[in-house]
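Colleague: Contents are mmCIF, C-alpha atoms; file name start.cif:
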```cif
data_run
loop_
_atom_site.label_atom_id
_atom_site.label_comp_id
_atom_site.auth_asym_id
_atom_site.auth_seq_id
_atom_site.Cartn_x
_atom_site.Cartn_y
_atom_site.Cartn_z
CA MET V 495 -26.72 -15.62 45.24
CA ALA V 496 -25.69 -18.03 42.50
CA ASP V 497 -26.60 -15.60 39.74
CA THR V 498 -24.11 -12.95 40.67
CA LYS V 499 -21.09 -14.78 39.40
CA SER V 500 -22.59 -15.48 35.98
CA THR V 501 -23.58 -11.89 35.44
CA ASP V 502 -20.05 -10.82 36.28
CA LEU V 503 -18.72 -13.37 33.82
CA GLN V 504 -20.86 -11.96 31.06
CA LYS V 505 -19.88 -8.37 31.74
CA ARG V 506 -16.23 -9.18 31.63
CA GLN V 507 -16.66 -11.10 28.36
CA ASP V 508 -17.90 -7.93 26.72
CA ALA V 509 -14.84 -6.08 27.87
CA GLN V 510 -12.62 -8.81 26.51
CA VAL V 511 -14.33 -8.80 23.16
CA GLN V 512 -13.56 -5.14 22.83
CA GLN V 513 -9.90 -5.90 23.18
CA ALA V 514 -9.95 -8.91 20.91
CA VAL V 515 -11.24 -7.09 17.84
CA GLU V 516 -8.18 -4.91 17.47
CA PRO V 517 -5.58 -7.05 15.78
CA ALA V 518 -2.14 -5.60 15.13
CA SER V 519 -1.88 -7.12 11.67
CA ASN V 520 -4.07 -6.65 8.63
CA GLU V 521 -5.33 -10.22 8.94
CA ARG V 522 -9.08 -10.51 8.57
CA LEU V 523 -10.53 -11.61 11.90
CA PHE V 524 -14.16 -12.32 12.63
CA ILE V 525 -15.96 -12.69 15.91
CA ALA V 526 -17.51 -16.14 15.99
CA PRO V 527 -21.15 -16.09 17.17
CA THR V 528 -21.04 -17.86 20.52
CA ASP V 529 -23.51 -19.44 22.91
CA ILE V 530 -22.66 -20.01 26.55
CA ARG V 531 -24.77 -22.27 28.70
CA GLU V 532 -24.40 -23.32 32.29
CA THR V 533 -25.42 -26.64 33.77
CA ASN V 534 -24.89 -27.84 37.31
CA GLU V 535 -21.54 -29.38 36.38
CA ASN V 536 -20.22 -27.39 33.41
CA ILE V 537 -20.10 -24.18 31.51
CA ILE V 538 -20.53 -25.03 27.84
CA LEU V 539 -19.33 -22.67 25.14
CA MET V 540 -20.29 -23.23 21.50
CA ALA V 541 -18.88 -21.07 18.71
CA ASP V 542 -19.75 -21.08 15.01
CA MET V 543 -16.61 -21.19 12.92
CA PRO V 544 -17.62 -22.51 9.49
CA GLY V 545 -14.67 -23.54 7.33
CA VAL V 546 -12.41 -24.39 10.28
CA ARG V 547 -11.13 -27.95 10.69
CA PRO V 548 -10.22 -29.54 14.03
CA ASP V 549 -6.51 -28.94 13.32
CA GLY V 550 -7.21 -25.26 12.67
CA VAL V 551 -8.44 -24.59 16.21
CA ALA V 552 -6.23 -23.15 18.93
CA VAL V 553 -7.53 -22.74 22.47
CA THR V 554 -5.25 -21.01 24.96
CA LEU V 555 -5.71 -20.06 28.58
CA GLU V 556 -3.55 -17.41 30.11
CA ASN V 557 -4.18 -15.32 33.22
CA ASN V 558 -7.85 -16.28 33.35
CA VAL V 559 -8.36 -15.29 29.72
CA LEU V 560 -9.56 -18.05 27.46
CA THR V 561 -8.80 -17.33 23.80
CA VAL V 562 -10.36 -19.26 20.97
CA ARG V 563 -8.85 -18.97 17.54
CA GLY V 564 -9.92 -20.66 14.31
CA THR V 565 -8.03 -20.67 11.04
CA VAL V 566 -10.12 -21.30 7.94
CA ALA V 567 -8.89 -24.22 5.82
CA ASP V 568 -7.50 -23.25 2.40
CA GLU V 569 -10.23 -25.26 0.74
CA HIS V 570 -12.85 -22.87 2.15
CA ARG V 571 -11.13 -19.62 1.26
CA SER V 572 -12.33 -17.79 -1.80
CA THR V 573 -9.76 -17.96 -4.57
CA GLU V 574 -11.84 -15.90 -6.95
CA ALA V 575 -14.24 -13.03 -6.47
CA PRO V 576 -17.80 -14.34 -6.09
CA ALA V 577 -20.42 -13.20 -8.57
CA TYR V 578 -22.71 -12.70 -5.60
CA GLU V 579 -21.46 -12.36 -2.05
CA GLU V 580 -23.12 -12.51 1.37
CA TYR V 581 -20.15 -13.56 3.47
CA GLU V 582 -16.41 -13.11 3.49
CA SER V 583 -14.04 -15.81 4.61
CA GLY V 584 -11.48 -15.11 7.29
CA ASN V 585 -10.19 -16.38 10.58
CA TYR V 586 -11.98 -16.20 13.90
CA GLN V 587 -10.81 -15.04 17.27
CA ARG V 588 -12.48 -14.36 20.54
CA SER V 589 -11.53 -14.12 24.19
CA PHE V 590 -13.44 -14.69 27.40
CA THR V 591 -12.49 -14.10 30.98
CA LEU V 592 -13.06 -17.12 33.18
CA SER V 593 -14.13 -16.94 36.74
CA ASP V 594 -12.12 -18.81 39.35
CA GLU V 595 -14.66 -21.59 39.60
CA ILE V 596 -13.43 -23.41 36.45
CA ASP V 597 -11.32 -26.55 36.68
CA ARG V 598 -8.64 -25.61 34.15
CA ASP V 599 -7.22 -29.10 33.79
CA GLY V 600 -10.60 -30.54 32.87
CA ILE V 601 -11.39 -28.28 29.90
CA GLU V 602 -12.39 -30.23 26.80
CA ALA V 603 -12.54 -28.97 23.21
CA ARG V 604 -14.40 -30.60 20.33
CA MET V 605 -14.77 -29.41 16.74
CA ASN V 606 -17.62 -30.80 14.68
CA ASN V 607 -19.15 -29.49 11.43
CA GLY V 608 -17.65 -26.04 11.96
CA VAL V 609 -18.87 -25.72 15.54
CA LEU V 610 -16.39 -25.56 18.41
CA THR V 611 -17.70 -26.93 21.70
CA LEU V 612 -15.75 -26.20 24.86
CA THR V 613 -16.75 -27.93 28.07
CA LEU V 614 -15.48 -26.11 31.12
CA PRO V 615 -16.05 -28.13 34.30
CA LYS V 616 -16.94 -26.18 37.38
CA THR V 617 -14.99 -26.84 40.53
CA MET V 618 -17.18 -27.80 43.41
CA PRO V 619 -16.93 -25.12 46.06
CA SER V 620 -15.95 -26.49 49.44
CA GLN V 621 -19.06 -26.58 51.51
CA LYS V 622 -18.88 -24.61 54.65
CA LYS V 623 -22.02 -24.16 56.57
CA ILE V 624 -22.13 -21.48 59.20
CA GLU V 625 -24.45 -22.22 61.98
CA VAL V 626 -26.39 -19.37 63.39
CA LYS V 627 -26.74 -19.53 67.06
CA THR V 628 -29.67 -18.18 68.83
CA GLY V 629 -29.86 -17.06 72.29
CA MET M 1015 -42.93 -2.12 4.39
CA TYR M 1016 -44.01 -4.49 1.67
CA SER M 1017 -47.02 -4.23 -0.53
CA PHE M 1018 -47.96 -7.64 -1.85
CA GLY M 1019 -49.56 -6.61 -5.13
CA TRP M 1020 -47.87 -7.14 -8.48
CA GLN M 1021 -46.20 -4.05 -9.78
CA GLY M 1022 -45.60 -4.95 -13.38
CA TYR M 1023 -43.60 -8.09 -14.04
CA GLN M 1024 -41.21 -9.29 -11.39
CA ASN M 1025 -39.53 -12.61 -10.97
CA PRO M 1026 -41.57 -14.21 -8.15
CA TRP M 1027 -38.51 -16.01 -6.70
CA ARG M 1028 -36.58 -12.82 -6.47
CA ARG M 1029 -39.57 -11.24 -4.81
CA MET M 1030 -39.72 -14.11 -2.34
CA ARG M 1031 -36.04 -13.74 -1.55
CA GLU M 1032 -36.44 -10.05 -1.00
CA MET M 1033 -39.24 -10.67 1.47
CA GLU M 1034 -37.23 -13.39 3.15
CA GLN M 1035 -34.26 -11.07 3.47
CA GLU M 1036 -36.42 -8.30 4.80
CA MET M 1037 -37.85 -10.60 7.45
CA SER M 1038 -34.40 -11.84 8.40
CA ARG M 1039 -33.09 -8.30 8.53
CA LEU M 1040 -35.86 -7.20 10.85
CA LEU M 1041 -35.28 -10.17 13.15
CA GLY M 1042 -31.52 -9.97 12.80
CA ASP M 1043 -31.43 -6.36 13.94
CA TYR M 1044 -32.20 -7.60 17.42
CA SER M 1045 -28.70 -8.87 18.11
CA GLY M 1046 -26.78 -7.01 15.45
CA THR M 1047 -24.53 -10.01 14.89
CA ARG M 1048 -26.68 -12.09 12.58
CA PRO M 1049 -26.31 -12.07 8.82
CA ALA M 1050 -29.17 -10.77 6.68
CA SER M 1051 -30.22 -14.30 5.72
CA PHE M 1052 -29.44 -17.70 7.07
CA PRO M 1053 -27.38 -19.32 5.82
CA PRO M 1054 -25.34 -16.64 4.03
CA VAL M 1055 -24.33 -17.76 0.53
CA ASN M 1056 -21.69 -16.87 -2.02
CA ILE M 1057 -22.13 -17.69 -5.69
CA TYR M 1058 -19.15 -18.34 -7.94
CA ALA M 1059 -20.05 -18.32 -11.62
CA ASP M 1060 -18.20 -19.77 -14.59
CA ASN M 1061 -18.96 -20.77 -18.18
CA ASP M 1062 -20.33 -24.20 -17.26
CA GLY M 1063 -22.53 -23.09 -14.40
CA ALA M 1064 -22.06 -21.98 -10.83
CA THR M 1065 -20.94 -23.09 -7.40
CA VAL M 1066 -23.02 -22.01 -4.43
CA ALA M 1067 -21.25 -22.00 -1.06
CA ALA M 1068 -23.14 -21.56 2.20
CA GLU M 1069 -21.79 -21.02 5.71
CA LEU M 1070 -23.91 -23.49 7.61
CA SER M 1071 -22.11 -24.85 10.64
CA GLY M 1072 -23.60 -27.31 13.08
CA VAL M 1073 -26.13 -29.00 10.81
CA ASP M 1074 -26.60 -32.73 10.35
CA PRO M 1075 -26.34 -33.39 6.57
CA GLN M 1076 -29.40 -35.66 7.00
CA ASP M 1077 -31.42 -32.57 7.88
CA LEU M 1078 -30.59 -30.82 4.60
CA ASP M 1079 -33.00 -30.82 1.67
CA ILE M 1080 -31.60 -29.52 -1.59
CA SER M 1081 -33.62 -29.32 -4.77
CA VAL M 1082 -33.46 -27.66 -8.16
CA HIS M 1083 -36.32 -26.51 -10.30
CA GLY M 1084 -35.68 -24.59 -13.51
CA HIS M 1085 -33.17 -21.94 -12.55
CA THR M 1086 -33.95 -21.93 -8.85
CA LEU M 1087 -31.98 -23.73 -6.18
CA ALA M 1088 -33.82 -24.44 -2.94
CA VAL M 1089 -31.93 -25.23 0.25
CA ARG M 1090 -33.98 -26.17 3.27
CA GLY M 1091 -33.07 -27.64 6.58
CA GLU M 1092 -33.01 -27.41 10.28
CA ARG M 1093 -30.36 -26.42 12.73
CA LYS M 1094 -31.29 -28.17 15.94
CA THR M 1095 -30.98 -26.74 19.41
CA PRO M 1096 -28.33 -28.56 21.46
CA GLU M 1097 -29.76 -31.50 23.36
CA ASP M 1098 -28.67 -30.49 26.82
CA SER M 1099 -30.06 -26.98 26.54
CA GLU M 1100 -33.26 -27.75 28.46
CA ASN M 1101 -31.43 -28.29 31.72
CA ALA M 1102 -29.03 -25.46 31.12
CA ARG M 1103 -29.16 -21.80 31.89
CA TRP M 1104 -28.28 -19.56 28.96
CA LEU M 1105 -25.65 -16.99 29.77
CA ARG M 1106 -25.23 -15.82 26.20
CA GLN M 1107 -27.05 -16.67 22.99
CA GLU M 1108 -25.83 -15.44 19.63
CA ARG M 1109 -26.25 -18.49 17.39
CA VAL M 1110 -29.51 -19.10 15.56
CA PHE M 1111 -31.49 -22.34 15.56
CA GLY M 1112 -34.55 -23.67 13.86
CA GLN M 1113 -35.75 -24.21 10.34
CA PHE M 1114 -34.36 -22.27 7.44
CA SER M 1115 -35.16 -22.05 3.76
CA ARG M 1116 -33.47 -20.23 0.96
CA ASN M 1117 -34.40 -19.98 -2.68
CA ILE M 1118 -31.58 -18.87 -4.90
CA ASP M 1119 -32.20 -17.64 -8.41
CA LEU M 1120 -29.31 -18.71 -10.63
CA ALA M 1121 -30.34 -16.97 -13.85
CA PHE M 1122 -29.72 -20.14 -15.89
CA ASP M 1123 -31.49 -23.46 -16.30
CA VAL M 1124 -29.79 -26.10 -14.20
CA ASP M 1125 -29.17 -29.65 -15.35
CA PRO M 1126 -30.83 -31.42 -12.39
CA GLU M 1127 -28.94 -34.68 -13.00
CA SER M 1128 -25.53 -33.10 -12.52
CA VAL M 1129 -26.07 -31.32 -9.22
CA GLU M 1130 -23.48 -32.25 -6.60
CA ALA M 1131 -23.61 -31.19 -2.98
CA MET M 1132 -20.92 -31.58 -0.35
CA TYR M 1133 -20.99 -30.62 3.31
CA ARG M 1134 -17.66 -30.31 5.08
CA ASP M 1135 -16.36 -28.32 8.07
CA GLY M 1136 -19.70 -26.52 8.33
CA VAL M 1137 -19.62 -25.28 4.75
CA LEU M 1138 -22.11 -26.51 2.16
CA LYS M 1139 -20.97 -26.43 -1.47
CA ILE M 1140 -23.34 -27.10 -4.34
CA ARG M 1141 -22.07 -27.46 -7.88
CA LEU M 1142 -24.67 -26.67 -10.52
CA ARG M 1143 -24.18 -27.15 -14.23
CA ARG M 1144 -25.97 -25.26 -16.92
CA ALA M 1145 -28.48 -27.39 -18.85
CA GLU M 1146 -27.45 -28.22 -22.44
CA SER M 1147 -30.48 -26.41 -23.76
CA ASP M 1148 -29.42 -23.28 -21.89
CA LYS M 1149 -25.85 -23.15 -23.18
CA PRO M 1150 -24.93 -20.53 -25.76
CA LYS M 1151 -24.57 -21.89 -29.27
CA GLN M 1152 -21.94 -20.82 -31.70
CA ILE M 1153 -23.52 -19.85 -35.02
CA ALA M 1154 -21.30 -20.22 -38.03
CA VAL M 1155 -21.64 -17.47 -40.57
CA SER M 1156 -21.55 -18.71 -44.12
CA SER M 1157 -20.56 -16.44 -46.92
#
```
Go ahead and render the structure in this file as structure tokens.
Modeller:
Amino acid sequence: MADTKSTDLQKRQDAQVQQAVEPASNERLFIAPTDIRETNENIILMADMPGVRPDGVAVTLENNVLTVRGTVADEHRSTEAPAYEEYESGNYQRSFTLSDEIDRDGIEARMNNGVLTLTLPKTMPSQKKIEVKTG
Amino acid sequence: MYSFGWQGYQNPWRRMREMEQEMSRLLGDYSGTRPASFPPVNIYADNDGATVAAELSGVDPQDLDISVHGHTLAVRGERKTPEDSENARWLRQERVFGQFSRNIDLAFDVDPESVEAMYRDGVLKIRLRRAESDKPKQIAVSS
């Protein structure tokens, strides 16, 4: 069933997130709210990272683990204590485990208005039809 | 829960914001990752006025409506759902979409002519100056 793979993907993401939120330094790291959608051709990941410029984004892929990191531009860091505060500025990091069906060389990253969009093309599985013989 | 009657004098804008925050909190509890209000704002105050910063990624500046009345700043807009989402299957949804509206009470009268707003890297910054009539006046003491 086509659904099985996606459910597995999601379960493993949760496990990865657990690991990602334990940085070894005292740097402030936030988990960027992320949407993941799947079309026939691609898996599309969109992450909110307000305050991050295109040159502040690092996307790495190692051993099936895709890591997204965003460094907030100096301009958007608080230099003084706000009189009223609802958010804190800091960097973003998050990791996802990819299934084998992603074409690694075709991954595209775009940063626009503080939203990172990653397009992960799916590799077309080689079609192999097994004929069932009767008789 | 809220009672809607007036209990003595209360600033109606503050009351509205409280209700708005309460609504957002109730809805936000669902995922546990959403801030209390959208967009979250920080206010930096100084002698001349204040700067309001809002974390508001993924919005077309054309869809933002910013206005000032008295000492209230209103920020309204819409964060649109991605275009291709109709044909897609959602595997994970944590970001919020739709219309939002925030009314921020600044505690000083704003000079409406001097308001400047800038949207960059998903952060909205609004500079608001105190109206001349609202500025403190130095009173000379004559002997």
Colleague: Set the cut-off to 6 Å and count only C-alpha atoms: what are the residues of chain M that reach chain V? Output as a list in words.
Modeller: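 Taking only C-alpha atoms into account, Pro1054, Val1055, Asn1056, Ile1057, Tyr1058, Ala1059, Glu1069, Ser1071, Gly1072, Ala1102, Arg1103, Trp1104, Leu1105, Arg1106, Gln1107, Glu1108, Arg1109, Asp1135, Gly1136 and Val1137 of chain M sit within 6 Å of chain V.
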Colleague: Just to confirm, what's the straight-line distance from CA of Gln587 (chain V) to CA of Arg522 (chain V) in Å (one decimal)?
Modeller: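 Spanning CA of Gln587 (chain V) to CA of Arg522 (chain V) is a straight-line distance of 10.0 Å.
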Colleague: Mind pulling up the distance from CA of Gly1084 (chain M) to CA of Glu1146 (chain M)?
Modeller: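 Distance between the two atoms: 12.7 Å.
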Colleague: Pick from M:Val1155, M:Val1124, M:Ile1080, M:Ala1131: nearest to Gly1063 (chain M), with all atoms listed in the file counted?
Modeller: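 Looking at the shortest contact to Gly1063 (chain M), the residue is M:Val1124.
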Colleague: Report as a list in words the full result of the PyMOL selection byres ((chain M and resi 1142) around 10) when it is applied to this structure.
Modeller: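 Taken over the shown coordinates, the PyMOL selection byres ((chain M and resi 1142) around 10) returns Ala1059, Asp1062, Gly1063, Ala1064, Thr1065, Val1066, Val1082, His1085, Leu1087, Leu1120, Phe1122, Asp1123, Val1124, Asp1125, Pro1126, Glu1127, Ser1128, Val1129, Glu1130, Ala1131, Lys1139, Ile1140, Arg1141, Arg1143, Arg1144 and Ala1145 of chain M.
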Colleague: Suppose a student applies the PyMOL selection byres ((chain M and resi 1089) around 7) to this structure; what residues should they get, written as a VMD selection string?
Modeller: chain M and resid 1079 to 1081 1087 to 1088 1090 to 1091 1115 to 1117
Colleague: Could you work out how far CA of Ile1118 (chain M) lies from CA of Tyr586 (chain V), giving the answer in Å with one decimal?
Modeller: 27.3 Å
Colleague: Between M:Asn1061, M:Asp1077, M:Phe1052, M:Ala1067, which is the closest to Asp1148 (chain M) once you count all atoms listed in the file?
Modeller: M:Asn1061
Colleague: Take the PyMOL selection byres ((chain V and resi 596) around 7), run it mentally on this structure, and tell me the resulting residues as a PDB file with C-alpha atoms, keeping the file's coordinate frame.
Modeller:
```pdb
ATOM      1  CA  SER V 593     -14.130 -16.940  36.740  1.00  0.00           C
ATOM      2  CA  ASP V 594     -12.120 -18.810  39.350  1.00  0.00           C
ATOM      3  CA  GLU V 595     -14.660 -21.590  39.600  1.00  0.00           C
ATOM      4  CA  ASP V 597     -11.320 -26.550  36.680  1.00  0.00           C
ATOM      5  CA  ARG V 598      -8.640 -25.610  34.150  1.00  0.00           C
ATOM      6  CA  LEU V 614     -15.480 -26.110  31.120  1.00  0.00           C
ATOM      7  CA  PRO V 615     -16.050 -28.130  34.300  1.00  0.00           C
ATOM      8  CA  LYS V 616     -16.940 -26.180  37.380  1.00  0.00           C
ATOM      9  CA  THR V 617     -14.990 -26.840  40.530  1.00  0.00           C
TER      10      THR V 617
END
```
Colleague: Fewer than 3 positions away in the same chain doesn't count, so skip those; otherwise give me all residues within 8 Å of Leu560 (chain V), counting only C-alpha atoms, as a PyMOL selection string.
Modeller: chain V and resi 553-556+589-592
Colleague: Ranking V:Lys623, V:Asp568, V:Thr611, V:Ala552 by minimum distance to Pro1096 (chain M) and counting only C-alpha atoms, which one comes first?
Modeller: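 Of the candidates, the smallest distance to Pro1096 (chain M) is held by V:Thr611.
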